[in-house]
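Enquirer: See run-v1.cif below, with mmCIF, C-alpha atoms.
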```cif
data_data
#
loop_
_atom_site.label_atom_id
_atom_site.label_comp_id
_atom_site.auth_asym_id
_atom_site.auth_seq_id
_atom_site.Cartn_x
_atom_site.Cartn_y
_atom_site.Cartn_z
CA MET A 1 -6.34 -3.48 13.94
CA SER A 2 -7.65 -6.63 12.35
CA PRO A 3 -11.06 -6.39 10.66
CA GLY A 4 -14.00 -7.10 12.83
CA VAL A 5 -16.05 -6.03 15.75
CA ARG A 6 -15.28 -3.37 18.29
CA ARG A 7 -17.15 -4.68 21.30
CA ARG A 8 -18.31 -2.76 24.35
CA VAL A 9 -15.97 -4.84 26.51
CA MET A 10 -13.08 -3.39 24.53
CA SER A 11 -14.32 -0.31 22.70
CA ARG A 12 -15.94 0.06 19.29
CA PHE A 13 -15.42 -0.66 15.60
CA GLY A 14 -12.52 0.49 13.42
CA THR A 15 -11.70 0.66 9.74
CA ALA A 16 -8.59 1.41 7.72
CA LEU A 17 -8.11 5.13 7.03
CA GLY A 18 -8.30 6.28 3.43
CA CYS A 19 -5.79 8.49 1.72
CA LEU A 20 -8.23 11.13 0.45
CA LEU A 21 -7.89 14.21 2.65
CA LEU A 22 -9.28 17.69 2.57
CA VAL A 23 -5.90 19.28 3.32
CA GLY A 24 -6.76 22.63 1.82
CA CYS A 25 -9.51 23.22 4.32
CA LEU A 26 -7.08 22.97 7.20
CA LEU A 27 -5.14 25.97 5.86
CA LEU A 28 -8.15 28.26 6.07
CA VAL A 29 -9.05 30.36 9.07
CA GLY A 30 -12.37 29.10 10.40
CA CYS A 31 -13.01 25.85 8.59
CA VAL A 32 -16.67 25.76 9.52
CA SER A 33 -17.57 27.24 6.17
CA ALA A 34 -15.81 24.28 4.50
CA LEU A 35 -17.57 21.53 6.35
CA ALA A 36 -19.90 20.81 3.44
CA VAL A 37 -17.04 19.06 1.66
CA PRO A 38 -17.39 18.84 -2.12
CA VAL A 39 -18.13 15.34 -3.33
CA PRO A 40 -15.06 14.05 -5.21
CA SER A 41 -15.51 13.07 -8.82
CA GLY A 42 -15.23 9.46 -9.83
CA PRO A 43 -17.21 6.51 -11.12
CA ALA A 44 -20.40 5.64 -9.29
CA THR A 45 -21.06 2.22 -7.83
CA SER A 46 -23.99 0.04 -8.86
CA ALA A 47 -26.03 1.27 -5.88
CA PRO A 48 -28.21 4.33 -6.52
CA PRO A 49 -27.38 7.50 -4.54
CA ALA A 50 -29.47 8.38 -1.51
CA SER A 51 -30.67 11.50 -3.27
CA GLU A 52 -29.80 13.40 -6.40
CA PRO A 53 -27.49 16.37 -5.77
CA PRO A 54 -29.61 19.51 -6.00
CA THR A 55 -28.90 21.89 -8.84
CA ASP A 56 -30.20 24.99 -7.06
CA GLY A 57 -27.88 24.93 -4.03
CA ALA A 58 -30.51 23.39 -1.78
CA THR A 59 -29.60 20.72 0.77
CA PRO A 60 -30.42 17.21 -0.52
CA ARG A 61 -33.19 15.36 1.23
CA VAL A 62 -32.15 13.06 4.08
CA VAL A 63 -33.95 9.70 4.22
CA ARG A 64 -33.90 7.78 7.49
CA PRO A 65 -33.62 3.97 7.46
CA PRO A 66 -36.75 1.84 7.19
CA THR A 67 -38.15 0.08 10.22
CA GLU A 68 -39.46 -2.96 8.36
CA GLY A 69 -37.39 -5.92 7.24
CA ARG A 70 -34.09 -7.29 8.53
CA PHE A 71 -30.69 -5.88 9.42
CA ASP A 72 -27.11 -7.01 8.83
CA TYR A 73 -23.78 -5.71 10.11
CA GLN A 74 -21.01 -6.49 7.63
CA LEU A 75 -17.91 -4.71 8.90
CA GLY A 76 -15.67 -7.76 8.59
CA GLY A 77 -16.18 -7.80 4.82
CA ALA A 78 -19.12 -7.32 2.46
CA TYR A 79 -21.06 -10.38 1.26
CA PRO A 80 -24.40 -11.00 -0.49
CA LEU A 81 -27.33 -9.90 1.64
CA PRO A 82 -29.18 -12.62 3.54
CA ALA A 83 -32.81 -13.02 2.54
CA GLY A 84 -35.06 -10.21 3.72
CA VAL A 85 -32.31 -7.76 4.69
CA THR A 86 -33.42 -4.18 4.07
CA VAL A 87 -30.76 -2.34 6.11
CA VAL A 88 -27.03 -3.09 6.10
CA VAL A 89 -23.87 -1.48 7.48
CA ARG A 90 -20.67 -1.79 5.46
CA ASP A 91 -17.22 -0.26 5.71
CA ARG A 92 -16.76 2.93 3.71
CA GLN A 93 -14.19 1.16 1.53
CA ASP A 94 -16.78 -1.44 0.48
CA ALA A 95 -19.56 -0.82 -2.02
CA PRO A 96 -23.08 -0.22 -0.71
CA ALA A 97 -25.68 -2.91 -1.29
CA ALA A 98 -27.73 -2.27 -4.42
CA ASN A 99 -31.03 -3.48 -2.96
CA ALA A 100 -30.95 -2.30 0.65
CA TYR A 101 -30.63 0.86 2.69
CA SER A 102 -26.84 1.04 3.08
CA ILE A 103 -25.08 2.67 6.02
CA CYS A 104 -21.43 3.70 5.63
CA TYR A 105 -19.09 2.97 8.54
CA VAL A 106 -16.50 5.67 9.37
CA ASN A 107 -14.16 5.81 12.38
CA GLY A 108 -14.27 9.51 13.23
CA PHE A 109 -12.96 9.83 16.77
CA GLN A 110 -9.90 7.54 16.68
CA ALA A 111 -7.22 6.58 14.15
CA GLN A 112 -6.16 3.14 13.03
CA PRO A 113 -2.61 1.85 13.58
CA ASP A 114 -1.83 1.97 9.87
CA ALA A 115 -2.60 5.70 9.88
CA ARG A 116 -0.40 6.48 12.87
CA THR A 117 2.39 8.04 10.80
CA PHE A 118 -0.04 10.19 8.85
CA TRP A 119 -1.62 11.72 11.95
CA LEU A 120 1.60 12.14 13.91
CA THR A 121 3.62 13.67 11.07
CA ARG A 122 1.00 15.68 9.19
CA HIS A 123 -1.54 16.51 11.91
CA PRO A 124 0.18 16.02 15.29
CA GLY A 125 -1.96 18.75 16.82
CA LEU A 126 -5.09 16.66 16.21
CA VAL A 127 -3.82 13.71 18.26
CA LEU A 128 -4.54 13.73 21.98
CA THR A 129 -1.38 13.65 24.12
CA ASP A 130 -0.85 13.05 27.83
CA HIS A 131 1.06 15.24 30.30
CA THR A 132 4.37 13.85 29.02
CA GLY A 133 3.55 14.67 25.41
CA GLU A 134 2.97 11.04 24.43
CA PRO A 135 -0.05 10.18 22.26
CA VAL A 136 -3.04 8.76 24.10
CA VAL A 137 -3.86 5.33 22.70
CA ASP A 138 -6.90 3.09 22.95
CA ALA A 139 -4.90 0.13 24.27
CA ASP A 140 -7.47 -2.46 23.24
CA TRP A 141 -7.09 -1.61 19.54
CA ASN A 142 -3.83 0.36 19.45
CA GLU A 143 -5.67 3.35 18.01
CA LEU A 144 -4.68 6.97 18.52
CA VAL A 145 -7.38 9.05 20.20
CA LEU A 146 -8.11 12.24 18.27
CA ASP A 147 -8.19 15.51 20.20
CA THR A 148 -11.67 17.04 20.14
CA ARG A 149 -11.15 19.47 23.02
CA THR A 150 -11.25 22.76 21.12
CA ALA A 151 -13.43 24.18 18.37
CA LYS A 152 -10.40 24.70 16.12
CA ARG A 153 -9.33 21.06 16.40
CA ARG A 154 -12.87 19.81 15.92
CA GLU A 155 -13.20 21.85 12.74
CA ALA A 156 -9.93 20.44 11.41
CA ILE A 157 -10.95 16.86 12.19
CA ALA A 158 -14.36 17.47 10.62
CA ALA A 159 -12.68 18.67 7.43
CA ILE A 160 -10.66 15.45 7.12
CA VAL A 161 -13.43 13.04 8.12
CA GLY A 162 -15.88 15.13 6.14
CA GLU A 163 -14.08 14.07 2.97
CA TRP A 164 -14.79 10.44 3.83
CA ILE A 165 -18.42 11.22 4.62
CA ALA A 166 -18.74 12.97 1.27
CA GLY A 167 -17.24 9.88 -0.35
CA CYS A 168 -19.91 7.73 1.27
CA ALA A 169 -22.58 9.86 -0.40
CA GLN A 170 -20.77 9.81 -3.74
CA ASN A 171 -20.58 6.02 -3.62
CA GLY A 172 -24.32 5.64 -3.06
CA PHE A 173 -24.74 5.09 0.69
CA GLN A 174 -27.86 6.50 2.31
CA ALA A 175 -26.47 7.05 5.82
CA VAL A 176 -23.29 7.11 7.86
CA GLU A 177 -22.25 5.57 11.17
CA ILE A 178 -19.44 7.42 12.99
CA ASP A 179 -17.61 5.18 15.44
CA ASN A 180 -15.95 5.86 18.78
CA LEU A 181 -18.30 8.61 19.89
CA ASP A 182 -17.35 7.46 23.39
CA SER A 183 -13.60 8.06 22.97
CA TYR A 184 -13.80 10.32 26.03
CA ALA A 185 -13.98 7.11 28.05
CA ARG A 186 -10.47 6.24 26.81
CA SER A 187 -8.97 9.73 27.09
CA HIS A 188 -7.97 9.46 30.77
CA GLY A 189 -10.32 12.32 31.57
CA ALA A 190 -8.89 14.76 29.03
CA ILE A 191 -11.85 14.77 26.62
CA SER A 192 -15.31 15.58 27.93
CA GLN A 193 -18.62 14.25 26.73
CA ALA A 194 -19.45 17.79 25.61
CA ASP A 195 -16.35 17.85 23.38
CA ASN A 196 -17.46 14.75 21.51
CA VAL A 197 -21.08 15.86 21.33
CA ALA A 198 -19.87 19.03 19.60
CA MET A 199 -17.66 16.96 17.30
CA MET A 200 -20.58 14.72 16.39
CA GLY A 201 -22.69 17.75 15.60
CA LEU A 202 -20.11 18.84 13.00
CA PHE A 203 -20.04 15.36 11.46
CA ALA A 204 -23.85 15.47 11.30
CA ASP A 205 -23.76 18.83 9.52
CA VAL A 206 -21.52 17.36 6.82
CA ALA A 207 -23.64 14.21 6.50
CA HIS A 208 -26.88 16.13 6.20
CA ALA A 209 -25.36 18.54 3.68
CA HIS A 210 -24.68 15.51 1.47
CA GLY A 211 -28.11 13.94 1.94
CA LEU A 212 -27.00 11.30 4.43
CA ALA A 213 -28.77 10.33 7.64
CA ILE A 214 -26.40 9.81 10.58
CA ALA A 215 -26.48 7.32 13.44
CA GLN A 216 -25.65 7.61 17.09
CA LYS A 217 -23.35 4.64 17.66
CA ASN A 218 -23.53 3.38 21.26
CA ALA A 219 -22.83 5.86 24.12
CA ALA A 220 -26.25 5.45 25.75
CA GLU A 221 -25.23 8.05 28.33
CA LEU A 222 -25.54 10.69 25.58
CA LEU A 223 -29.12 9.87 24.57
CA GLY A 224 -30.39 12.95 26.36
CA ARG A 225 -28.24 15.09 24.05
CA ARG A 226 -29.71 13.92 20.78
CA ALA A 227 -30.58 17.45 19.69
CA ALA A 228 -26.93 18.50 19.93
CA LEU A 229 -25.72 15.26 18.33
CA LYS A 230 -28.12 15.92 15.43
CA THR A 231 -28.51 12.17 14.90
CA ASP A 232 -31.35 10.48 13.04
CA PHE A 233 -31.28 6.89 14.34
CA ALA A 234 -29.18 4.62 16.54
CA ILE A 235 -26.92 1.60 16.15
CA ALA A 236 -26.54 -0.14 19.49
CA GLU A 237 -24.21 -2.99 20.30
CA GLN A 238 -25.21 -5.26 23.17
CA CYS A 239 -28.02 -3.03 24.42
CA ASN A 240 -29.93 -6.12 25.55
CA GLU A 241 -26.89 -7.46 27.35
CA TYR A 242 -26.50 -4.16 29.19
CA ALA A 243 -30.22 -3.36 29.63
CA GLU A 244 -30.05 -0.18 27.53
CA CYS A 245 -32.44 -0.89 24.67
CA ASP A 246 -35.38 0.76 26.41
CA ALA A 247 -33.40 3.98 26.62
CA TYR A 248 -32.56 3.90 22.91
CA VAL A 249 -36.17 3.17 21.95
CA GLY A 250 -37.34 6.03 24.15
CA VAL A 251 -35.31 8.45 22.01
CA TYR A 252 -35.26 6.87 18.53
CA GLY A 253 -38.44 4.77 18.51
CA GLY A 254 -38.23 1.88 16.06
CA ARG A 255 -35.07 3.18 14.39
CA VAL A 256 -32.70 1.34 16.70
CA PHE A 257 -30.57 -1.31 14.99
CA VAL A 258 -29.14 -3.80 17.45
CA ILE A 259 -26.17 -6.17 17.31
CA GLU A 260 -25.79 -8.83 19.98
CA TYR A 261 -22.83 -11.19 20.43
CA ARG A 262 -24.32 -13.60 22.99
CA ASP A 263 -27.15 -16.05 22.47
CA ASP A 264 -28.90 -15.17 25.72
CA ALA A 265 -28.89 -11.43 25.05
CA PHE A 266 -30.08 -12.02 21.48
CA ALA A 267 -32.97 -14.21 22.65
CA LYS A 268 -33.87 -11.67 25.32
CA GLY A 269 -33.97 -8.88 22.77
CA CYS A 270 -36.12 -10.81 20.34
CA ARG A 271 -38.69 -11.36 23.09
CA ALA A 272 -38.63 -7.85 24.53
CA PHE A 273 -38.33 -5.76 21.36
CA PRO A 274 -40.12 -7.47 18.47
CA GLN A 275 -40.43 -4.09 16.75
CA LEU A 276 -36.64 -3.72 16.38
CA MET A 277 -34.20 -5.21 13.88
CA ILE A 278 -31.89 -7.30 16.05
CA VAL A 279 -29.11 -9.55 14.81
CA ARG A 280 -26.79 -12.09 16.40
CA ARG A 281 -23.34 -11.78 14.87
CA ASP A 282 -19.97 -13.40 15.51
CA LEU A 283 -17.50 -11.22 17.38
CA ASP A 284 -15.27 -10.68 14.34
CA LEU A 285 -18.16 -9.96 11.96
CA LEU A 286 -16.75 -12.45 9.50
CA PRO A 287 -18.16 -12.55 5.96
CA ALA A 288 -20.40 -15.40 4.86
CA GLY A 289 -18.38 -18.48 3.98
CA ALA A 290 -15.61 -17.75 6.46
CA LYS A 291 -15.07 -20.18 9.32
CA GLY A 292 -16.82 -18.82 12.39
CA HIS A 293 -19.30 -16.63 10.52
CA LEU A 294 -22.59 -16.33 12.37
CA TYR A 295 -25.67 -14.39 11.37
CA ARG A 296 -29.13 -14.82 12.85
CA HIS A 297 -32.13 -12.50 13.02
CA CYS A 298 -35.25 -12.46 15.17
#
```
Kindly transcribe the structure held in the file into structure tokens.
Expert:
Amino acid sequence: MSPGVRRRVMSRFGTALGCLLLVGCLLLVGCVSALAVPVPSGPATSAPPASEPPTDGATPRVVRPPTEGRFDYQLGGAYPLPAGVTVVVRDRQDAPAANAYSICYVNGFQAQPDARTFWLTRHPGLVLTDHTGEPVVDADWNELVLDTRTAKRREAIAAIVGEWIAGCAQNGFQAVEIDNLDSYARSHGAISQADNVAMMGLFADVAHAHGLAIAQKNAAELLGRRAALKTDFAIAEQCNEYAECDAYVGVYGGRVFVIEYRDDAFAKGCRAFPQLMIVRRDLDLLPAGAKGHLYRHC
């Protein structure tokens, strides 16, 4: 998948899969105890960590994003923050911003095309298949859908993705955004909403264990299950375009960070929700300086 936006009209965002994996956890019986993945050693980035790792075994403090300032969504490539930006989302392979609350993007429910061989050869049981045994694919982005239908599979997926979440904390991000929560909508009825809610709860456990807040990304139909999702704030694409922002605000208050891709929806949101951070971005989320880059705020 090329870098850029995963829109509602197609699906959601994606990023390239990393090669760091918590393989050892998958060999254990009952991986739940391993969900608090150890943070890998390595050099720190210039951004300060969200919280210092505790020395007494206590869980680090989770800090939710601020509600004042401006927001940017930089998944197409990191670039210097526009003036006034206090909250930014960047891909997990990019460095967090040194002077803003930085949210780490992770694709946790689907797998990128360049990771197809990895999943199918090393973890074929974690890829959803149809009645013929063929992998189920999100056709819009050619991404394998991961199989979240059983507790055992969810624990195995959480161990792998948990390594990436731990890496986000190690690199200095303050929060994590897990994409494709709504992969059930592309599973041809195989995956239920309850399956993905349970999966998200495991991701949240890992994030919180490492001092990271965690976002609900889209899937407005799951807002009533926030307690099970264990999410701390929301990132909503096109909620003005689809008249969903009220629902998000009803659950998350002012901690709803909105991306719109149409001028009319952006203008509507700025009028209706002056308390929210709303941005107008180009569909491919291109970095500043690239032809077609667009960034506006209310």
Enquirer: Listing only residues of stretch 151-260 of chain A within 8 Å of stretch 57-70 of chain A, what is the closest atom pair and its distance in Å (to one decimal) for each, using all atoms listed in the file, sorted by chain and residue number ascending, as JSON lines?
Expert:
```
{"residue": "A:Gln174", "atom": "CA", "partner": "A:Val63", "partner_atom": "CA", "distance": 7.1}
{"residue": "A:Ala175", "atom": "CA", "partner": "A:Arg64", "partner_atom": "CA", "distance": 7.7}
{"residue": "A:His208", "atom": "CA", "partner": "A:Val62", "partner_atom": "CA", "distance": 6.5}
{"residue": "A:Ala209", "atom": "CA", "partner": "A:Thr59", "partner_atom": "CA", "distance": 5.6}
{"residue": "A:His210", "atom": "CA", "partner": "A:Pro60", "partner_atom": "CA", "distance": 6.3}
{"residue": "A:Gly211", "atom": "CA", "partner": "A:Val62", "partner_atom": "CA", "distance": 4.7}
{"residue": "A:Leu212", "atom": "CA", "partner": "A:Val62", "partner_atom": "CA", "distance": 5.5}
{"residue": "A:Ala213", "atom": "CA", "partner": "A:Val62", "partner_atom": "CA", "distance": 5.6}
{"residue": "A:Asp232", "atom": "CA", "partner": "A:Arg64", "partner_atom": "CA", "distance": 6.7}
{"residue": "A:Phe233", "atom": "CA", "partner": "A:Arg64", "partner_atom": "CA", "distance": 7.4}
{"residue": "A:Gly254", "atom": "CA", "partner": "A:Thr67", "partner_atom": "CA", "distance": 6.1}
{"residue": "A:Arg255", "atom": "CA", "partner": "A:Thr67", "partner_atom": "CA", "distance": 6.0}
```
Enquirer: Compute the distance from (-35.7, 5.1, 24.3) to each atom, counting only C-alpha atoms, keep the residues with any atom at most 12 Å away, and return them as a PyMOL selection string; use the coordinates of the file.
Expert: chain A and resi 220-224+226+233-234+236+239+243-256+273+276
Enquirer: Using only C-alpha atoms, can you list as a PyMOL selection string the residues within 10 Å of (-27.5, -2.8, -1.0)?
Expert: chain A and resi 46-48+80-81+85-90+95-103+172-174
Enquirer: Which one is closest to A:Asp140: A:Pro113, A:Lys230, A:Ile214, A:Asp94? Count all atoms listed in the file.
Expert: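 Among the listed residues, A:Pro113 lies closest to A:Asp140.
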Enquirer: With the PyMOL selection byres ((chain A and resi 261) around 6) as the selection, what would be picked from this file? Answer as a PDB file with C-alpha atoms, in the frame of the given file, please.
Expert:
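So result01.pdb came out as:
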```
ATOM      1  CA  GLU A 260     -25.790  -8.830  19.980  1.00  0.00           C
ATOM      2  CA  ARG A 262     -24.320 -13.600  22.990  1.00  0.00           C
ATOM      3  CA  ARG A 280     -26.790 -12.090  16.400  1.00  0.00           C
ATOM      4  CA  ARG A 281     -23.340 -11.780  14.870  1.00  0.00           C
TER       5      ARG A 281
END
```
Enquirer: Which value, in Å to one decimal, gives the distance between atom CA of A:Ala267 and atom CA of A:His297?
Expert: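 Separation between atom CA of A:Ala267 and atom CA of A:His297: 9.8 Å.
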Enquirer: Between A:Thr129, A:Gln74, A:Asn142, A:Gln193, which is the closest to A:Ile259 once you count all atoms listed in the file?
Expert: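 Distance minimum relative to A:Ile259 lands on A:Gln74.
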Enquirer: Can you list what the PyMOL selection byres ((chain A and resi 287) around 10) grabs from this structure, as number ranges by chain?
Expert: A: 4, 73-80, 282, 284-286, 288-295
Enquirer: Can you measure atom CA of A:Met277 to atom CA of A:Cys298 for me? One decimal in Å is fine.
Expert: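 Rounded to one decimal, the two atoms are 7.4 Å apart.
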Enquirer: Pick from A:Arg153, A:Arg296, A:Glu143, A:Glu241: nearest to A:Thr117, with only C-alpha atoms counted?
Expert: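 So, comparing all the options, the nearest one is A:Glu143.
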Enquirer: Run the PyMOL selection byres ((chain A and resi 228) around 9) on the file and write out the hits as a ChimeraX atom specification.
Expert: /A:197-198,200-201,225-227,229-231
